[in-house]
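Novice: What follows is a structure written as structure tokens; I'll ask about it next.
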Amino acid sequence: MTFYDEDTVQAVRDAADIVEIVGEVVSLKKTGVNYKGLCPFHSEKTPSFTVNPARQYFHCFGCSEGGNALTFVMKSQNMTFVEALKYLAGRYNIVLPERVLSSREQEKSRKKEIIYEINRLAAKSFHEFLLNSPKAASARQYIEKRAIPAEIVKDFELGYAPESWDFVKRALRDFSEEDILAAGLVVRGQRGTYDRFRDRIVSPIFSHNGKHIGFSGRILREGQPKYLNTQDSLVFNKSNVLLGLYQNKAAIRAARKCLLVEGNFDLLALASQGIRNVAAPMGTAMTAQHVRGLKGYIEEAVLLFDGDQAGLKAAMRAVPLFLSARLDAKVVVLPPEHDPDTFVRKYGAEGLEKKVRTAATLPDFVFAHLENKYSLSLEGKGRIIEDLKPIISAISDDSLQRTLFVSHFSQKLGLLPEQLMGQFSKSSPRSRSKPSIPPWEEETEETEGNNKANSSQKFYLSKIERQLLKFLIVYPEYLKRLLDAGLDKAIKSPSAQIILTQIQKMNEENPGGPERLMDLVQGAERIFVSEQLISVPSCKENDIEEEALEKISWLNENKLRCQMRELTAQINEAQSLGDEELLMTLLSLKNEIPKKMQEK
């Protein structure tokens, strides 16, 4: 098995613009020499995700993720190293030499590409059948009745899966039955496989970079389920993807707001009225992954679910997700007889936009719904408090937000805030999550006779180790001079030795600069390295040299102090053994050390 050589990988890293790559997912604002935004990898309200354009590097001070453009693409797009490398190489017109993959990698990559192609061709077949087949007349009439114009049909590649057991199999006859099954387009029965989508208007589902990853189909006539999605596959998981996000992402990003609707035709109806900052969870419940996926695009979400009881329940289930993710959200309560589709067709875009402007905040919506459900009787208040517990639990890591919510609800219930807070603290079996603190911040000092580091700590650096390694991580070219000055005498803890060993290895291989270290360390050591790379100050060459000389001077003195301690121990041993000759030699050497210190 061979790999892409480091020069090739580095060429891709050098060509990629990390601000451009990250900016497609995260809304970045320039802050000094860096850019900041909300982290796409964990829930946060205050931006802690930082991009350093000079070093082409990112780091999140909240969850400790960090890396370069290649790392970001791998994590944000759920790609393997090779997939991310090829994606960036294609984007920046870099020719990659052929690489031999392992048999396992080859098989997985082959299956993914086959599924993408199967879905693409199936989408084409469904779309052409909808546009041209006499057997799709009822589907075209249905679309016309729902007031979906031709340009939206084309933009969203709508299609029709006829009431047939083998339409897909015949359209994809060049592919094996097992591959079509793996794509989730057919189902295995007692007599073999048959089409999953039958008599349904299908909407292709796209990855954020435009690949066909699955389908969502709405039944044309009466029947259940109303919406049917592709089964999970190597390329598709309905919990991670929102329908319409790919087609509408430019409008969503521009508005910094996304309207979230339940059904496919709600989405299409709003798009038909020119409202393009909208997406849908394909008839399934909102998930935490859906919410996290939106965070890079928007500042606020608006839940625009059906006005019936099912729609209200869906909105209530989604509330904790937004609170936990700390993403601002509001809820539009439609009249019970309406869903977004019927409402926008009756009142138009202007009517819907007016309704959206009256959207309720999450606490107002939650309490109004619970009050209507239970009333404010004594018993009703008790049931309201029980229903509020999981909602308050979702924001337990943010004391200010929690306090505001409790204050709001206590006022509505006629209770003192501390009385209501007491009910919530009794209820929660979960311990409140601690704020994310980098492990090295827990202990950075080591004092003689009172060393707080112990065997239970997985990561520990003394203050001097921290200072020396921070410098070497950014300026590894000074490694030899610091080693000659006695660096090994100052680097003692296991964590520090791990990092130093990898810096030495990086210098021996010498590819790619300091960022290469991220590929060599793991775990807490990797987090420490990542933070140092993103926090690099812009220094003049003379300043860097001056800092290096200060550290070399300290190391030389420390080396002499270590020698003094070693000689003292040897002198004590020589005295205990009664070896006068050795004792005199050691005393002579010890007496020379103060002179050397003065010379320094």
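Residues in the structure tokens are numbered from 1 in each chain, the chains being A, B, ... in the order shown, and ligands are numbered from 1 in the order shown.
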Could you build a table of the residues in range 84-168 of chain A lying no more than 9 Å from range 206-222 of chain A, giving for each the nearest pair of atoms and their separation in Å rounded to one decimal place, using only C-alpha atoms, ordered by chain and ascending residue number, as JSON lines?

Specialist:
{"residue": "A:Ile115", "atom": "CA", "partner": "A:Ile213", "partner_atom": "CA", "distance": 7.6}
{"residue": "A:Tyr116", "atom": "CA", "partner": "A:His212", "partner_atom": "CA", "distance": 5.7}
{"residue": "A:Glu117", "atom": "CA", "partner": "A:His212", "partner_atom": "CA", "distance": 7.8}
{"residue": "A:Ile118", "atom": "CA", "partner": "A:His212", "partner_atom": "CA", "distance": 8.7}
{"residue": "A:Asn119", "atom": "CA", "partner": "A:His212", "partner_atom": "CA", "distance": 5.6}
{"residue": "A:Arg120", "atom": "CA", "partner": "A:His212", "partner_atom": "CA", "distance": 5.6}
{"residue": "A:Ala123", "atom": "CA", "partner": "A:His212", "partner_atom": "CA", "distance": 8.1}
{"residue": "A:Ser138", "atom": "CA", "partner": "A:Leu220", "partner_atom": "CA", "distance": 8.4}
{"residue": "A:Ala139", "atom": "CA", "partner": "A:Leu220", "partner_atom": "CA", "distance": 7.0}
{"residue": "A:Tyr142", "atom": "CA", "partner": "A:Leu220", "partner_atom": "CA", "distance": 7.7}
{"residue": "A:Tyr160", "atom": "CA", "partner": "A:Gly217", "partner_atom": "CA", "distance": 8.6}
{"residue": "A:Ala161", "atom": "CA", "partner": "A:Gly217", "partner_atom": "CA", "distance": 8.4}

Novice: So that I can check the secondary structure, give me every residue of range 135-305 of chain A assigned strand (DSSP E or B) by backbone DSSP, as a ChimeraX atom specification.

Specialist: /A:159-161,186-189,192-195,200-206,212-219,227-229,243,257-260,278-280,300-303

Novice: List every residue of range 107-329 of chain A that DSSP, applied to the backbone, labels as alpha helix (DSSP H), and write the result as an MDAnalysis selection string.

Specialist: chainID A and resid 107:132 137:145 150:155 167:171 177:182 245:255 264:272 288:295 309:325

Novice: Which residues are near Ala254 in chain A? Cut-off 9 Å, only C-alpha atoms, ignore same chain within fewer than 5 positions. Put them as a PyMOL selection string.

Specialist: chain A and resi 249+277+297-298

Novice: Write the residues of the selection above to a file with C-alpha atoms, as a CSV table (one decimal), in the first residue's frame.

Specialist:
chain,number,residue,atom,x,y,z
A,249,LYS,CA,-28.1,28.0,1.4
A,277,ASN,CA,-34.5,31.0,3.3
A,297,TYR,CA,-25.5,29.6,8.4
A,298,ILE,CA,-27.8,31.6,10.6

Novice: Mind pulling up the distance from CA of Leu38 in chain A to CA of Glu299 in chain A?

Specialist: 9.6 Å

Novice: Any idea what the distance is between CA of Ala11 in chain A and CA of Met79 in chain A?

Specialist: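 The value is 19.1 Å.
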
Novice: Name all residues at most 12 Å from Ile384 in chain A (count only C-alpha atoms; drop same-chain ones fewer than 5 positions away) and give them as a PyMOL selection string.

Specialist: chain A and resi 366-379+389-391+409-410+412-413+420+423-424

Novice: Write the residues you've just listed into a file as a compact mmCIF listing (two decimals), in the first residue's frame, and include N, CA and C atoms for each of them.

Specialist:
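Okay, this is what ended up in part_33.txt:
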# COMPACT_ATOMS: atom_id res chain seq x y z
N VAL A 366 -43.49 28.32 24.78
CA VAL A 366 -43.58 27.15 25.66
C VAL A 366 -44.66 27.36 26.72
N PHE A 367 -44.64 28.52 27.37
CA PHE A 367 -45.60 28.71 28.45
C PHE A 367 -47.03 28.82 27.92
N ALA A 368 -47.21 29.52 26.80
CA ALA A 368 -48.55 29.64 26.23
C ALA A 368 -49.12 28.27 25.88
N HIS A 369 -48.25 27.41 25.32
CA HIS A 369 -48.70 26.07 24.94
C HIS A 369 -49.07 25.26 26.18
N LEU A 370 -48.24 25.32 27.23
CA LEU A 370 -48.51 24.54 28.43
C LEU A 370 -49.72 25.09 29.19
N GLU A 371 -49.87 26.40 29.20
CA GLU A 371 -51.03 26.98 29.87
C GLU A 371 -52.32 26.55 29.18
N ASN A 372 -52.31 26.55 27.87
CA ASN A 372 -53.48 26.13 27.11
C ASN A 372 -53.77 24.63 27.31
N LYS A 373 -52.71 23.88 27.51
CA LYS A 373 -52.85 22.43 27.66
C LYS A 373 -53.35 22.05 29.06
N TYR A 374 -52.85 22.73 30.10
CA TYR A 374 -53.14 22.31 31.47
C TYR A 374 -53.97 23.31 32.28
N SER A 375 -54.01 24.57 31.88
CA SER A 375 -54.63 25.67 32.64
C SER A 375 -53.73 26.06 33.81
N LEU A 376 -54.11 27.14 34.51
CA LEU A 376 -53.30 27.62 35.63
C LEU A 376 -53.94 27.26 36.97
N SER A 377 -54.66 26.18 36.98
CA SER A 377 -55.15 25.65 38.25
C SER A 377 -53.97 25.12 39.04
N LEU A 378 -54.20 24.80 40.32
CA LEU A 378 -53.12 24.28 41.15
C LEU A 378 -52.53 23.01 40.54
N GLU A 379 -53.42 22.13 40.12
CA GLU A 379 -52.95 20.88 39.48
C GLU A 379 -52.26 21.18 38.15
N LYS A 389 -39.34 20.80 33.19
CA LYS A 389 -38.08 20.25 33.69
C LYS A 389 -37.11 19.86 32.58
N PRO A 390 -37.52 19.10 31.56
CA PRO A 390 -36.54 18.76 30.51
C PRO A 390 -36.09 19.98 29.71
N ILE A 391 -36.94 20.99 29.63
CA ILE A 391 -36.57 22.20 28.89
C ILE A 391 -35.50 22.97 29.65
N PHE A 409 -40.62 32.01 33.81
CA PHE A 409 -41.66 31.04 34.12
C PHE A 409 -42.22 31.23 35.54
N SER A 410 -41.35 31.61 36.48
CA SER A 410 -41.83 31.79 37.85
C SER A 410 -42.82 32.95 37.92
N LYS A 412 -44.83 33.90 35.53
CA LYS A 412 -46.07 33.42 34.93
C LYS A 412 -46.85 32.51 35.88
N LEU A 413 -46.11 31.74 36.70
CA LEU A 413 -46.75 30.78 37.59
C LEU A 413 -47.09 31.38 38.95
N LEU A 420 -39.16 27.93 42.18
CA LEU A 420 -39.19 27.18 40.93
C LEU A 420 -37.84 26.52 40.66
N GLN A 423 -37.50 23.32 42.44
CA GLN A 423 -38.19 22.20 41.79
C GLN A 423 -37.33 21.58 40.71
N PHE A 424 -36.64 22.43 39.95
CA PHE A 424 -35.82 21.92 38.85
C PHE A 424 -34.57 21.22 39.37

Novice: I need the residue nearest Phe129 in chain A from this list: A:Phe167, A:Phe528, A:Phe49, A:Tyr92. Use only C-alpha atoms for the distance.

Specialist: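 Closest to Phe129 in chain A of all the choices is A:Phe167.
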
Novice: To one decimal place, how far is CA of Ala496 in chain A from CA of Tyr478 in chain A in Å?

Specialist: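 Interatomic distance, CA of Ala496 in chain A to CA of Tyr478 in chain A: 16.8 Å.
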
Novice: Name all residues at most 6 Å from range 170-186 of chain A (count only C-alpha atoms; drop same-chain ones fewer than 2 positions away) and give them as a ChimeraX atom specification.

Specialist: /A:115,167-168,194-196,230-231

Novice: Please, could you write that set of residues out with all heavy atoms as an mmCIF file, in the first residue's frame?

Specialist:
data_model
loop_
_atom_site.group_PDB
_atom_site.id
_atom_site.type_symbol
_atom_site.label_atom_id
_atom_site.label_comp_id
_atom_site.auth_asym_id
_atom_site.auth_seq_id
_atom_site.Cartn_x
_atom_site.Cartn_y
_atom_site.Cartn_z
ATOM 1 N N ILE A 115 -23.063 4.590 -5.096
ATOM 2 C CA ILE A 115 -24.330 5.085 -4.536
ATOM 3 C C ILE A 115 -24.627 6.497 -5.034
ATOM 4 O O ILE A 115 -25.773 6.805 -5.393
ATOM 5 C CB ILE A 115 -24.290 5.030 -2.998
ATOM 6 C CG1 ILE A 115 -24.282 3.568 -2.526
ATOM 7 C CG2 ILE A 115 -25.484 5.774 -2.395
ATOM 8 C CD1 ILE A 115 -24.091 3.399 -1.032
ATOM 9 N N PHE A 167 -39.592 -0.062 -11.407
ATOM 10 C CA PHE A 167 -39.196 1.077 -12.235
ATOM 11 C C PHE A 167 -37.716 1.410 -12.022
ATOM 12 O O PHE A 167 -36.953 1.597 -12.982
ATOM 13 C CB PHE A 167 -40.056 2.302 -11.902
ATOM 14 C CG PHE A 167 -39.611 3.562 -12.597
ATOM 15 C CD1 PHE A 167 -39.955 3.801 -13.913
ATOM 16 C CD2 PHE A 167 -38.837 4.514 -11.933
ATOM 17 C CE1 PHE A 167 -39.541 4.963 -14.569
ATOM 18 C CE2 PHE A 167 -38.417 5.669 -12.571
ATOM 19 C CZ PHE A 167 -38.776 5.901 -13.881
ATOM 20 N N VAL A 168 -37.319 1.496 -10.779
ATOM 21 C CA VAL A 168 -35.925 1.848 -10.478
ATOM 22 C C VAL A 168 -34.987 0.756 -10.977
ATOM 23 O O VAL A 168 -33.939 1.045 -11.571
ATOM 24 C CB VAL A 168 -35.742 2.076 -8.958
ATOM 25 C CG1 VAL A 168 -34.270 2.099 -8.579
ATOM 26 C CG2 VAL A 168 -36.392 3.385 -8.533
ATOM 27 N N TYR A 194 -37.835 -5.004 -4.466
ATOM 28 C CA TYR A 194 -38.829 -4.196 -5.163
ATOM 29 C C TYR A 194 -38.603 -2.722 -4.811
ATOM 30 O O TYR A 194 -37.954 -2.404 -3.811
ATOM 31 C CB TYR A 194 -40.252 -4.629 -4.796
ATOM 32 C CG TYR A 194 -40.563 -4.558 -3.321
ATOM 33 C CD1 TYR A 194 -41.104 -3.396 -2.756
ATOM 34 C CD2 TYR A 194 -40.313 -5.660 -2.485
ATOM 35 C CE1 TYR A 194 -41.392 -3.324 -1.404
ATOM 36 C CE2 TYR A 194 -40.606 -5.592 -1.125
ATOM 37 C CZ TYR A 194 -41.140 -4.421 -0.595
ATOM 38 O OH TYR A 194 -41.415 -4.350 0.739
ATOM 39 N N ASP A 195 -39.154 -1.832 -5.636
ATOM 40 C CA ASP A 195 -38.916 -0.398 -5.471
ATOM 41 C C ASP A 195 -39.444 0.104 -4.120
ATOM 42 O O ASP A 195 -40.569 -0.215 -3.720
ATOM 43 C CB ASP A 195 -39.608 0.393 -6.578
ATOM 44 C CG ASP A 195 -38.891 0.247 -7.917
ATOM 45 O OD1 ASP A 195 -37.924 -0.540 -7.982
ATOM 46 O OD2 ASP A 195 -39.293 0.928 -8.880
ATOM 47 N N ARG A 196 -38.637 0.920 -3.452
ATOM 48 C CA ARG A 196 -39.047 1.520 -2.184
ATOM 49 C C ARG A 196 -40.050 2.645 -2.418
ATOM 50 O O ARG A 196 -41.008 2.804 -1.659
ATOM 51 C CB ARG A 196 -37.817 2.050 -1.442
ATOM 52 C CG ARG A 196 -38.128 2.749 -0.114
ATOM 53 C CD ARG A 196 -36.852 3.100 0.629
ATOM 54 N NE ARG A 196 -37.088 3.800 1.877
ATOM 55 C CZ ARG A 196 -37.454 3.234 3.018
ATOM 56 N NH1 ARG A 196 -37.619 1.915 3.055
ATOM 57 N NH2 ARG A 196 -37.656 3.941 4.115
ATOM 58 N N THR A 230 -35.248 7.817 1.965
ATOM 59 C CA THR A 230 -34.256 6.788 1.718
ATOM 60 C C THR A 230 -33.789 6.204 3.045
ATOM 61 O O THR A 230 -33.623 6.928 4.025
ATOM 62 C CB THR A 230 -33.038 7.382 0.971
ATOM 63 O OG1 THR A 230 -33.461 7.838 -0.313
ATOM 64 C CG2 THR A 230 -31.940 6.347 0.785
ATOM 65 N N GLN A 231 -33.592 4.907 3.058
ATOM 66 C CA GLN A 231 -33.013 4.305 4.254
ATOM 67 C C GLN A 231 -31.573 4.772 4.413
ATOM 68 O O GLN A 231 -30.905 5.121 3.445
ATOM 69 C CB GLN A 231 -33.038 2.770 4.130
ATOM 70 C CG GLN A 231 -34.443 2.176 4.182
ATOM 71 C CD GLN A 231 -34.417 0.678 3.951
ATOM 72 O OE1 GLN A 231 -33.805 0.197 3.008
ATOM 73 N NE2 GLN A 231 -35.100 -0.056 4.815
#

Novice: Out of A:Pro53, A:Pro134, A:Pro417, A:Pro281, which residue has the shortest atom-to-atom distance to Val241 in chain A when counting only C-alpha atoms?

Specialist: A:Pro281

Novice: Can you list, as a tab-separated table (two decimals) with all heavy atoms, in the first residue's frame, every protein, DNA or RNA residue that comes within 12 Å of Lys559 in chain A when you count only C-alpha atoms, leaving out same-chain residues fewer than 3 positions away?

Specialist:
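Output saved as selection-v1.tsv:
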chain	number	residue	atom	x	y	z
A	482	LEU	N	18.10	24.97	21.71
A	482	LEU	CA	17.56	24.77	23.05
A	482	LEU	C	17.98	23.42	23.63
A	482	LEU	O	18.21	23.30	24.83
A	482	LEU	CB	16.03	24.88	23.02
A	482	LEU	CG	15.46	26.28	23.34
A	482	LEU	CD1	15.90	27.29	22.28
A	482	LEU	CD2	13.95	26.25	23.44
A	483	LEU	N	18.09	22.41	22.77
A	483	LEU	CA	18.58	21.11	23.24
A	483	LEU	C	20.02	21.22	23.72
A	483	LEU	O	20.39	20.66	24.76
A	483	LEU	CB	18.47	20.07	22.12
A	483	LEU	CG	17.07	19.50	21.85
A	483	LEU	CD1	17.08	18.66	20.58
A	483	LEU	CD2	16.54	18.68	23.03
A	484	ASP	N	20.84	21.94	22.96
A	484	ASP	CA	22.24	22.13	23.35
A	484	ASP	C	22.36	22.87	24.68
A	484	ASP	O	23.33	22.69	25.43
A	484	ASP	CB	23.00	22.90	22.27
A	484	ASP	CG	23.17	22.09	20.98
A	484	ASP	OD1	23.00	20.85	21.05
A	484	ASP	OD2	23.43	22.69	19.93
A	485	ALA	N	21.36	23.73	24.97
A	485	ALA	CA	21.39	24.50	26.21
A	485	ALA	C	20.85	23.71	27.40
A	485	ALA	O	20.86	24.21	28.53
A	485	ALA	CB	20.59	25.79	26.05
A	486	GLY	N	20.35	22.49	27.15
A	486	GLY	CA	19.88	21.66	28.25
A	486	GLY	C	18.38	21.55	28.34
A	486	GLY	O	17.82	21.42	29.44
A	487	LEU	N	17.70	21.55	27.21
A	487	LEU	CA	16.25	21.46	27.20
A	487	LEU	C	15.75	20.18	27.88
A	487	LEU	O	14.74	20.18	28.58
A	487	LEU	CB	15.73	21.52	25.76
A	487	LEU	CG	14.21	21.43	25.56
A	487	LEU	CD1	13.53	22.64	26.18
A	487	LEU	CD2	13.87	21.33	24.08
A	488	ASP	N	16.50	19.09	27.70
A	488	ASP	CA	16.06	17.82	28.27
A	488	ASP	C	16.01	17.85	29.79
A	488	ASP	O	15.27	17.08	30.41
A	488	ASP	CB	16.99	16.70	27.80
A	488	ASP	CG	18.43	16.94	28.22
A	488	ASP	OD1	18.91	18.08	28.04
A	488	ASP	OD2	19.08	16.01	28.73
A	489	LYS	N	16.78	18.76	30.43
A	489	LYS	CA	16.78	18.88	31.89
A	489	LYS	C	15.50	19.55	32.39
A	489	LYS	O	15.11	19.38	33.55
A	489	LYS	CB	17.98	19.70	32.35
A	489	LYS	CG	19.33	19.10	32.02
A	489	LYS	CD	19.60	17.85	32.85
A	489	LYS	CE	21.01	17.32	32.60
A	489	LYS	NZ	21.25	16.07	33.38
A	490	ALA	N	14.84	20.32	31.52
A	490	ALA	CA	13.64	21.07	31.93
A	490	ALA	C	12.35	20.36	31.56
A	490	ALA	O	11.29	20.66	32.10
A	490	ALA	CB	13.67	22.46	31.31
A	491	ILE	N	12.43	19.43	30.62
A	491	ILE	CA	11.25	18.71	30.14
A	491	ILE	C	11.19	17.37	30.85
A	491	ILE	O	11.92	16.44	30.52
A	491	ILE	CB	11.29	18.53	28.61
A	491	ILE	CG1	11.38	19.87	27.91
A	491	ILE	CG2	10.09	17.73	28.12
A	491	ILE	CD1	10.18	20.77	28.11
A	552	ILE	N	17.35	30.28	26.13
A	552	ILE	CA	18.63	29.58	26.12
A	552	ILE	C	19.43	29.93	27.37
A	552	ILE	O	20.05	29.06	28.00
A	552	ILE	CB	19.43	29.94	24.85
A	552	ILE	CG1	18.76	29.27	23.63
A	552	ILE	CG2	20.88	29.51	24.96
A	552	ILE	CD1	19.30	29.75	22.30
A	553	SER	N	19.39	31.21	27.76
A	553	SER	CA	20.09	31.63	28.97
A	553	SER	C	19.52	30.94	30.20
A	553	SER	O	20.26	30.44	31.06
A	553	SER	CB	19.98	33.16	29.11
A	553	SER	OG	20.58	33.58	30.32
A	554	TRP	N	18.21	30.88	30.29
A	554	TRP	CA	17.58	30.22	31.43
A	554	TRP	C	17.94	28.73	31.46
A	554	TRP	O	18.22	28.15	32.51
A	554	TRP	CB	16.06	30.37	31.38
A	554	TRP	CG	15.38	29.82	32.59
A	554	TRP	CD1	15.07	30.47	33.73
A	554	TRP	CD2	14.97	28.45	32.78
A	554	TRP	NE1	14.48	29.61	34.63
A	554	TRP	CE2	14.41	28.37	34.07
A	554	TRP	CE3	15.02	27.30	31.99
A	554	TRP	CZ2	13.89	27.18	34.59
A	554	TRP	CZ3	14.51	26.12	32.51
A	554	TRP	CH2	13.96	26.06	33.78
A	555	LEU	N	17.91	28.09	30.28
A	555	LEU	CA	18.22	26.67	30.20
A	555	LEU	C	19.66	26.38	30.61
A	555	LEU	O	19.94	25.38	31.29
A	555	LEU	CB	17.97	26.14	28.78
A	555	LEU	CG	16.50	25.98	28.38
A	555	LEU	CD1	16.37	25.71	26.89
A	555	LEU	CD2	15.82	24.86	29.17
A	556	ASN	N	20.58	27.25	30.21
A	556	ASN	CA	21.99	27.07	30.61
A	556	ASN	C	22.13	27.15	32.13
A	556	ASN	O	22.83	26.34	32.75
A	556	ASN	CB	22.87	28.13	29.95
A	556	ASN	CG	23.20	27.76	28.51
A	556	ASN	OD1	23.47	26.59	28.21
A	556	ASN	ND2	23.18	28.73	27.61
A	562	CYS	N	20.96	21.92	37.86
A	562	CYS	CA	20.75	20.46	37.88
A	562	CYS	C	22.06	19.74	38.19
A	562	CYS	O	22.09	18.76	38.95
A	562	CYS	CB	20.19	19.98	36.54
A	562	CYS	SG	18.49	20.49	36.24
A	563	GLN	N	23.15	20.24	37.58
A	563	GLN	CA	24.45	19.64	37.86
A	563	GLN	C	24.82	19.80	39.33
A	563	GLN	O	25.38	18.89	39.95
A	563	GLN	CB	25.52	20.30	36.97
A	563	GLN	CG	25.41	19.93	35.50
A	563	GLN	CD	26.41	20.68	34.64
A	563	GLN	OE1	27.29	21.39	35.14
A	563	GLN	NE2	26.30	20.51	33.32
A	564	MET	N	24.47	20.99	39.89
A	564	MET	CA	24.74	21.24	41.30
A	564	MET	C	24.00	20.23	42.17
A	564	MET	O	24.57	19.66	43.11
A	564	MET	CB	24.32	22.66	41.66
A	564	MET	CG	24.53	23.04	43.11
A	564	MET	SD	26.26	23.40	43.50
A	564	MET	CE	26.36	25.11	42.95
A	565	ARG	N	22.72	19.97	41.85
A	565	ARG	CA	21.94	19.02	42.64
A	565	ARG	C	22.49	17.60	42.50
A	565	ARG	O	22.55	16.84	43.47
A	565	ARG	CB	20.46	19.06	42.21
A	565	ARG	CG	19.71	20.31	42.65
A	565	ARG	CD	18.21	20.15	42.51
A	565	ARG	NE	17.80	20.05	41.12
A	565	ARG	CZ	17.47	21.09	40.37
A	565	ARG	NH1	17.52	22.33	40.90
A	565	ARG	NH2	17.10	20.94	39.12
A	566	GLU	N	22.90	17.25	41.28
A	566	GLU	CA	23.45	15.91	41.05
A	566	GLU	C	24.76	15.72	41.81
A	566	GLU	O	25.00	14.66	42.41
A	566	GLU	CB	23.67	15.70	39.55
A	566	GLU	CG	22.37	15.58	38.75
A	566	GLU	CD	22.60	15.66	37.25
A	566	GLU	OE1	23.78	15.78	36.84
A	566	GLU	OE2	21.61	15.62	36.50
A	593	ILE	N	30.91	25.45	39.67
A	593	ILE	CA	29.61	25.80	39.10
A	593	ILE	C	29.21	27.24	39.39
A	593	ILE	O	28.75	27.95	38.49
A	593	ILE	CB	28.53	24.80	39.59
A	593	ILE	CG1	28.80	23.43	38.94
A	593	ILE	CG2	27.13	25.29	39.24
A	593	ILE	CD1	27.83	22.35	39.34
A	596	LYS	N	30.79	29.44	36.89
A	596	LYS	CA	30.17	29.35	35.57
A	596	LYS	C	28.86	30.14	35.53
A	596	LYS	O	28.53	30.76	34.51
A	596	LYS	CB	29.91	27.88	35.21
A	596	LYS	CG	31.18	27.07	34.99
A	596	LYS	CD	30.84	25.63	34.65
A	596	LYS	CE	32.11	24.81	34.41
A	596	LYS	NZ	31.80	23.39	34.11
A	597	MET	N	28.12	30.11	36.63
A	597	MET	CA	26.86	30.86	36.69
A	597	MET	C	27.10	32.36	36.58
A	597	MET	O	26.35	33.08	35.92
A	597	MET	CB	26.11	30.54	37.98
A	597	MET	CG	25.44	29.16	38.00
A	597	MET	SD	24.47	28.90	39.52
A	597	MET	CE	23.62	27.37	39.11
A	600	LYS	N	27.76	33.39	33.09
A	600	LYS	CA	26.55	33.45	32.27
A	600	LYS	C	25.90	34.82	32.39
A	600	LYS	O	25.16	35.27	31.58
A	600	LYS	CB	25.56	32.36	32.68
A	600	LYS	CG	26.06	30.94	32.50
A	600	LYS	CD	26.22	30.59	31.05
A	600	LYS	CE	26.72	29.16	30.89
A	600	LYS	NZ	27.04	28.85	29.48
